[in-house]
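What follows is the content of upload.cif (mmCIF, C-alpha atoms).
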```
data_data
loop_
_atom_site.label_atom_id
_atom_site.label_comp_id
_atom_site.auth_asym_id
_atom_site.auth_seq_id
_atom_site.Cartn_x
_atom_site.Cartn_y
_atom_site.Cartn_z
CA MET C 105 -19.90 -27.91 10.49
CA ASP C 106 -20.84 -29.34 7.10
CA ASN C 107 -18.27 -30.82 4.80
CA ILE C 108 -17.51 -27.75 2.71
CA ARG C 109 -14.53 -27.17 0.46
CA VAL C 110 -12.52 -24.32 1.95
CA LYS C 111 -11.03 -22.05 -0.69
CA VAL C 112 -8.11 -19.67 -0.52
CA GLY C 113 -6.67 -17.24 -3.01
CA LYS C 114 -5.07 -19.05 -5.95
CA LYS C 115 -1.93 -16.98 -5.56
CA TYR C 116 -1.56 -18.29 -1.98
CA HIS C 117 -1.91 -22.02 -2.77
CA ALA C 118 1.81 -22.69 -3.07
CA ILE C 119 2.48 -20.91 0.23
CA TYR C 120 -0.09 -23.07 2.03
CA LYS C 121 1.47 -26.19 0.53
CA GLU C 122 5.07 -25.17 1.24
CA LEU C 123 4.37 -24.28 4.87
CA THR C 124 2.54 -27.58 5.53
CA GLN C 125 4.83 -30.02 3.72
CA GLU C 126 8.13 -31.50 4.75
CA THR C 127 10.96 -31.70 2.24
CA GLY C 128 14.54 -32.91 2.38
CA ASN C 129 15.87 -29.60 3.68
CA ARG C 130 13.02 -28.36 5.83
CA LYS C 131 10.31 -29.43 8.24
CA LYS C 132 6.69 -28.35 8.25
CA VAL C 133 6.00 -24.93 9.72
CA PHE C 134 2.30 -25.80 10.24
CA ALA C 135 0.89 -29.28 10.82
CA GLN C 136 -1.98 -28.86 8.35
CA HIS C 137 -3.65 -26.34 6.07
CA GLY C 138 -6.32 -25.55 8.66
CA ASP C 139 -3.74 -24.34 11.16
CA LEU C 140 -2.25 -21.80 8.74
CA PHE C 141 -5.76 -20.90 7.58
CA MET C 142 -6.83 -20.09 11.15
CA LEU C 143 -3.77 -17.90 11.71
CA CYS C 144 -4.62 -16.02 8.53
CA VAL C 145 -8.30 -15.69 9.57
CA ALA C 146 -7.20 -14.15 12.87
CA LEU C 147 -4.82 -11.77 11.11
CA GLY C 148 -7.46 -10.88 8.54
CA HIS C 149 -10.01 -10.22 11.26
CA SER C 150 -7.72 -7.56 12.70
CA THR C 151 -7.27 -5.64 9.44
CA GLU C 152 -9.67 -3.68 7.27
CA GLU C 153 -7.57 -3.87 4.12
CA LYS C 154 -9.50 -5.44 1.25
CA VAL C 155 -7.91 -8.17 -0.85
CA THR C 156 -9.52 -9.32 -4.07
CA VAL C 157 -8.35 -12.69 -5.36
CA SER C 158 -9.84 -15.62 -7.20
CA ARG C 159 -10.03 -18.72 -5.03
CA ASP C 160 -9.46 -22.44 -5.42
CA ALA C 161 -10.36 -25.23 -3.02
CA LEU C 162 -7.59 -26.21 -0.62
CA PHE C 163 -9.07 -28.47 2.08
CA TRP C 164 -12.34 -29.74 3.57
CA SER C 165 -13.97 -27.94 6.49
CA HIS C 166 -14.37 -31.20 8.43
CA SER C 167 -10.58 -31.22 8.90
CA LEU C 168 -10.86 -28.16 11.15
CA THR C 169 -10.85 -29.01 14.85
CA LYS C 170 -13.92 -28.30 16.98
CA ASN C 171 -12.05 -25.39 18.59
CA GLN C 172 -11.19 -23.94 15.17
CA GLN C 173 -14.82 -24.29 14.06
CA THR C 174 -15.97 -22.54 17.22
CA VAL C 175 -13.61 -19.63 16.57
CA LEU C 176 -14.90 -19.31 12.99
CA LYS C 177 -18.50 -19.29 14.26
CA ALA C 178 -17.70 -16.64 16.87
CA ILE C 179 -16.02 -14.42 14.28
CA ALA C 180 -18.97 -14.89 11.91
CA VAL C 181 -21.45 -13.84 14.61
CA LYS C 182 -19.37 -10.79 15.45
CA GLU C 183 -18.87 -9.79 11.81
CA SER C 184 -22.51 -10.30 10.84
CA ASP C 185 -23.90 -9.00 14.13
CA SER C 186 -26.42 -11.84 14.03
CA TYR C 187 -26.73 -15.33 15.45
CA GLU C 188 -28.64 -16.41 12.35
CA VAL C 189 -25.35 -16.87 10.52
CA LEU C 190 -24.84 -20.00 12.61
CA SER C 191 -27.54 -21.74 10.57
CA ARG C 192 -25.59 -21.07 7.36
CA PRO C 193 -22.25 -22.93 7.48
CA GLU C 194 -21.44 -21.87 3.90
CA SER C 195 -21.63 -18.22 4.97
CA ILE C 196 -19.29 -18.88 7.88
CA ILE C 197 -16.75 -20.51 5.58
CA GLN C 198 -17.07 -17.76 2.95
CA LEU C 199 -16.40 -15.08 5.56
CA ALA C 200 -13.44 -17.07 6.88
CA GLU C 201 -12.05 -17.39 3.34
CA THR C 202 -12.21 -13.62 2.88
CA LEU C 203 -10.50 -13.02 6.22
CA ALA C 204 -7.87 -15.67 5.53
CA ASP C 205 -6.93 -14.02 2.24
CA ARG C 206 -6.60 -10.66 4.01
CA GLY C 207 -4.52 -12.31 6.71
CA MET C 208 -2.25 -14.09 4.24
CA ASP C 209 -1.67 -10.81 2.45
CA ASP C 210 -0.71 -9.26 5.80
CA LEU C 211 1.54 -12.22 6.65
CA ILE C 212 3.32 -11.90 3.31
CA LYS C 213 3.88 -8.16 3.72
CA THR C 214 5.12 -8.39 7.31
CA VAL C 215 6.90 -11.76 7.54
CA LEU C 216 7.15 -13.77 4.36
CA ASP C 217 8.24 -11.08 1.90
CA ASP C 218 11.93 -11.91 2.35
CA PHE C 219 11.18 -15.57 1.57
CA ILE C 220 9.11 -15.02 -1.61
CA ALA C 221 10.89 -16.63 -4.56
CA GLY C 222 8.46 -15.46 -7.20
CA GLU C 223 5.09 -16.24 -8.72
CA GLY C 224 4.48 -19.33 -10.83
CA ASP C 225 1.45 -21.25 -12.07
CA ASP C 226 0.58 -22.26 -8.50
CA GLY C 227 0.94 -18.70 -7.18
CA LEU C 228 3.58 -17.19 -4.96
CA SER C 229 6.28 -19.58 -3.83
CA LEU C 230 8.69 -19.49 -0.92
CA VAL C 231 12.34 -20.35 -0.56
CA PHE C 232 13.46 -21.38 2.91
CA THR C 233 15.25 -24.13 4.82
CA ASP C 234 15.27 -25.14 8.47
CA LYS C 235 18.30 -22.87 8.92
CA ASP C 236 16.12 -19.84 8.11
CA ASN C 237 14.07 -20.51 11.27
CA LEU C 238 10.89 -19.38 9.52
CA HIS C 239 8.77 -21.06 12.19
CA LYS C 240 10.46 -18.89 14.85
CA THR C 241 10.02 -15.77 12.73
CA ILE C 242 6.28 -16.47 12.37
CA LEU C 243 5.95 -17.27 16.08
CA SER C 244 7.71 -14.03 16.99
CA PHE C 245 5.39 -12.10 14.67
CA VAL C 246 2.30 -13.70 16.23
CA SER C 247 3.60 -12.97 19.74
CA GLN C 248 4.16 -9.33 18.86
CA ARG C 249 0.62 -9.07 17.46
CA ILE C 250 -0.85 -10.65 20.60
CA LEU C 251 1.04 -8.22 22.82
CA ALA C 252 -0.06 -5.27 20.69
CA SER C 253 -3.72 -6.32 20.68
CA PRO C 254 -4.48 -9.18 23.03
CA PHE C 255 -8.23 -9.26 22.34
#
```

Could you render the structure as structure tokens?
Amino acid sequence: MDNIRVKVGKKYHAIYKELTQETGNRKKVFAQHGDLFMLCVALGHSTEEKVTVSRDALFWSHSLTKNQQTVLKAIAVKESDSYEVLSRPESIIQLAETLADRGMDDLIKTVLDDFIAGEGDDGLSLVFTDKDNLHKTILSFVSQRILASPF
């Protein structure tokens, strides 16, 4: 996949950063932005709720693994009902960005709401430490979603 800047909703930037950075009182919940992005794409793919946000670049598409790129391509083919989308990497990324914003909105409403500290210049921010076991809360949420709708 081409080297394309992947954008996410501006109001979600701080959440992506906080969940992928280690600080003195907490470890990373996700290894890199692409991992959280893919979770949000999957969540967004399973919901019809529209989310309208302005976006800013967060990471480069080349940082996505081959497996992650394959998943994005498969979702794009399904959503567009055409294999021609595979010749337009920008379209694949744009669709993924839309789905990721939907998914992040869902993740906030169902899991992260209790951890939202407020909204600043960099968007919504979280407050959590390792003692909050946020990684386990997110894993439990994902497991429940898989059991409810495995495919």

**Message:** To test your reading of the syntax: which residues would the PyMOL selection byres ((chain C and resi 118) around 9) return for the file shown? Reply as a list in words.
**Reply:**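 Listing what the PyMOL selection byres ((chain C and resi 118) around 9) selects in the shown file: Lys114, Lys115, Tyr116, His117, Ile119, Tyr120, Lys121, Glu122, Leu123, Gly224, Asp226, Gly227, Leu228, Ser229 and Leu230 of chain C.
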
Residues from the last selection, C-alpha atoms, saved as a PDB file, in the frame of the given file:
```pdb
ATOM      1  CA  LYS C 114      -5.070 -19.050  -5.950  1.00  0.00           C
ATOM      2  CA  LYS C 115      -1.930 -16.980  -5.560  1.00  0.00           C
ATOM      3  CA  TYR C 116      -1.560 -18.290  -1.980  1.00  0.00           C
ATOM      4  CA  HIS C 117      -1.910 -22.020  -2.770  1.00  0.00           C
ATOM      5  CA  ILE C 119       2.480 -20.910   0.230  1.00  0.00           C
ATOM      6  CA  TYR C 120      -0.090 -23.070   2.030  1.00  0.00           C
ATOM      7  CA  LYS C 121       1.470 -26.190   0.530  1.00  0.00           C
ATOM      8  CA  GLU C 122       5.070 -25.170   1.240  1.00  0.00           C
ATOM      9  CA  LEU C 123       4.370 -24.280   4.870  1.00  0.00           C
ATOM     10  CA  GLY C 224       4.480 -19.330 -10.830  1.00  0.00           C
ATOM     11  CA  ASP C 226       0.580 -22.260  -8.500  1.00  0.00           C
ATOM     12  CA  GLY C 227       0.940 -18.700  -7.180  1.00  0.00           C
ATOM     13  CA  LEU C 228       3.580 -17.190  -4.960  1.00  0.00           C
ATOM     14  CA  SER C 229       6.280 -19.580  -3.830  1.00  0.00           C
ATOM     15  CA  LEU C 230       8.690 -19.490  -0.920  1.00  0.00           C
TER      16      LEU C 230
END
```

**Asked** If you count all atoms listed in the file, which residues fall within 12 Å of Leu168 in chain C, apart from same-chain ones fewer than 5 positions away, as a list in words?
**Response**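 These residues fall inside the cut-off: Met105, Asp106, Asn107, Ile108, Arg109, Val110, Ala135, Gln136, His137, Gly138, Asp139, Leu140, Phe141, Met142, Phe163, Gln173, Thr174, Val175, Leu176 and Ile197 of chain C.
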
What does the file look like for those residues with C-alpha atoms, as a PDB file, keeping the file's coordinate frame?
```pdb
ATOM      1  CA  MET C 105     -19.900 -27.910  10.490  1.00  0.00           C
ATOM      2  CA  ASP C 106     -20.840 -29.340   7.100  1.00  0.00           C
ATOM      3  CA  ASN C 107     -18.270 -30.820   4.800  1.00  0.00           C
ATOM      4  CA  ILE C 108     -17.510 -27.750   2.710  1.00  0.00           C
ATOM      5  CA  ARG C 109     -14.530 -27.170   0.460  1.00  0.00           C
ATOM      6  CA  VAL C 110     -12.520 -24.320   1.950  1.00  0.00           C
ATOM      7  CA  ALA C 135       0.890 -29.280  10.820  1.00  0.00           C
ATOM      8  CA  GLN C 136      -1.980 -28.860   8.350  1.00  0.00           C
ATOM      9  CA  HIS C 137      -3.650 -26.340   6.070  1.00  0.00           C
ATOM     10  CA  GLY C 138      -6.320 -25.550   8.660  1.00  0.00           C
ATOM     11  CA  ASP C 139      -3.740 -24.340  11.160  1.00  0.00           C
ATOM     12  CA  LEU C 140      -2.250 -21.800   8.740  1.00  0.00           C
ATOM     13  CA  PHE C 141      -5.760 -20.900   7.580  1.00  0.00           C
ATOM     14  CA  MET C 142      -6.830 -20.090  11.150  1.00  0.00           C
ATOM     15  CA  PHE C 163      -9.070 -28.470   2.080  1.00  0.00           C
ATOM     16  CA  GLN C 173     -14.820 -24.290  14.060  1.00  0.00           C
ATOM     17  CA  THR C 174     -15.970 -22.540  17.220  1.00  0.00           C
ATOM     18  CA  VAL C 175     -13.610 -19.630  16.570  1.00  0.00           C
ATOM     19  CA  LEU C 176     -14.900 -19.310  12.990  1.00  0.00           C
ATOM     20  CA  ILE C 197     -16.750 -20.510   5.580  1.00  0.00           C
TER      21      ILE C 197
END
```

**Asked** Between C:Ala200, C:Ile220, C:Leu162, C:Leu251, which one has atoms that come closest to Ala146 in chain C, using all atoms listed in the file?
**Response**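 Going through C:Ala200, C:Ile220, C:Leu162, C:Leu251 one by one, the smallest distance to Ala146 in chain C is for C:Ala200.
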
**Request:** Convert the output of the PyMOL selection byres ((chain C and resi 180) around 10) on the shown file into explicit residues, formatted as a list in words.
**Result:**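 The output of the PyMOL selection byres ((chain C and resi 180) around 10) on this file is Thr174, Val175, Leu176, Lys177, Ala178, Ile179, Val181, Lys182, Glu183, Ser184, Asp185, Ser186, Tyr187, Glu188, Val189, Leu190, Pro193, Ser195, Ile196, Ile197, Gln198, Leu199 and Ala200 of chain C.
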
**Message:** Measuring between only C-alpha atoms, which one of C:His239, C:Arg159, C:Arg192, C:His149 shows the shortest distance to Thr124 in chain C?
**Reply:**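 Among the listed residues, C:His239 lies closest to Thr124 in chain C.
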
**Between CA of His166 in chain C and CA of Gly113 in chain C - distance in Å to one decimal** =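 That distance, rounded to one decimal, is 19.6 Å.
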
**Request:** Translate the PyMOL selection byres ((chain C and resi 241) around 12), as applied to the file shown, into an explicit residue set as a list in words.
**Result:**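 Answer for the PyMOL selection byres ((chain C and resi 241) around 12): Val133, Leu211, Thr214, Val215, Leu216, Asp217, Asp218, Phe219, Phe232, Asp234, Lys235, Asp236, Asn237, Leu238, His239, Lys240, Ile242, Leu243, Ser244, Phe245, Val246, Ser247 and Gln248 of chain C.
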
**Message:** Using Å and a single decimal, report how far CA of Asp210 in chain C sits from CA of Ser165 in chain C.
**Reply:**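 Between CA of Ser165 in chain C and CA of Asp210 in chain C the gap is 22.9 Å.
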
**Request:** Measuring atom to atom with all atoms listed in the file, identify which of C:Thr151, C:Lys111, C:Val145, C:Thr156 is nearest to Gln172 in chain C.
**Result:**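 Counting all atoms listed in the file, the residue closest to Gln172 in chain C is C:Val145.
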
**Message:** Calculated over all atoms listed in the file, which of the candidates C:Ser167, C:Leu147, C:Val231, C:Ser253 has the smallest distance to Asn129 in chain C?
**Reply:** C:Val231
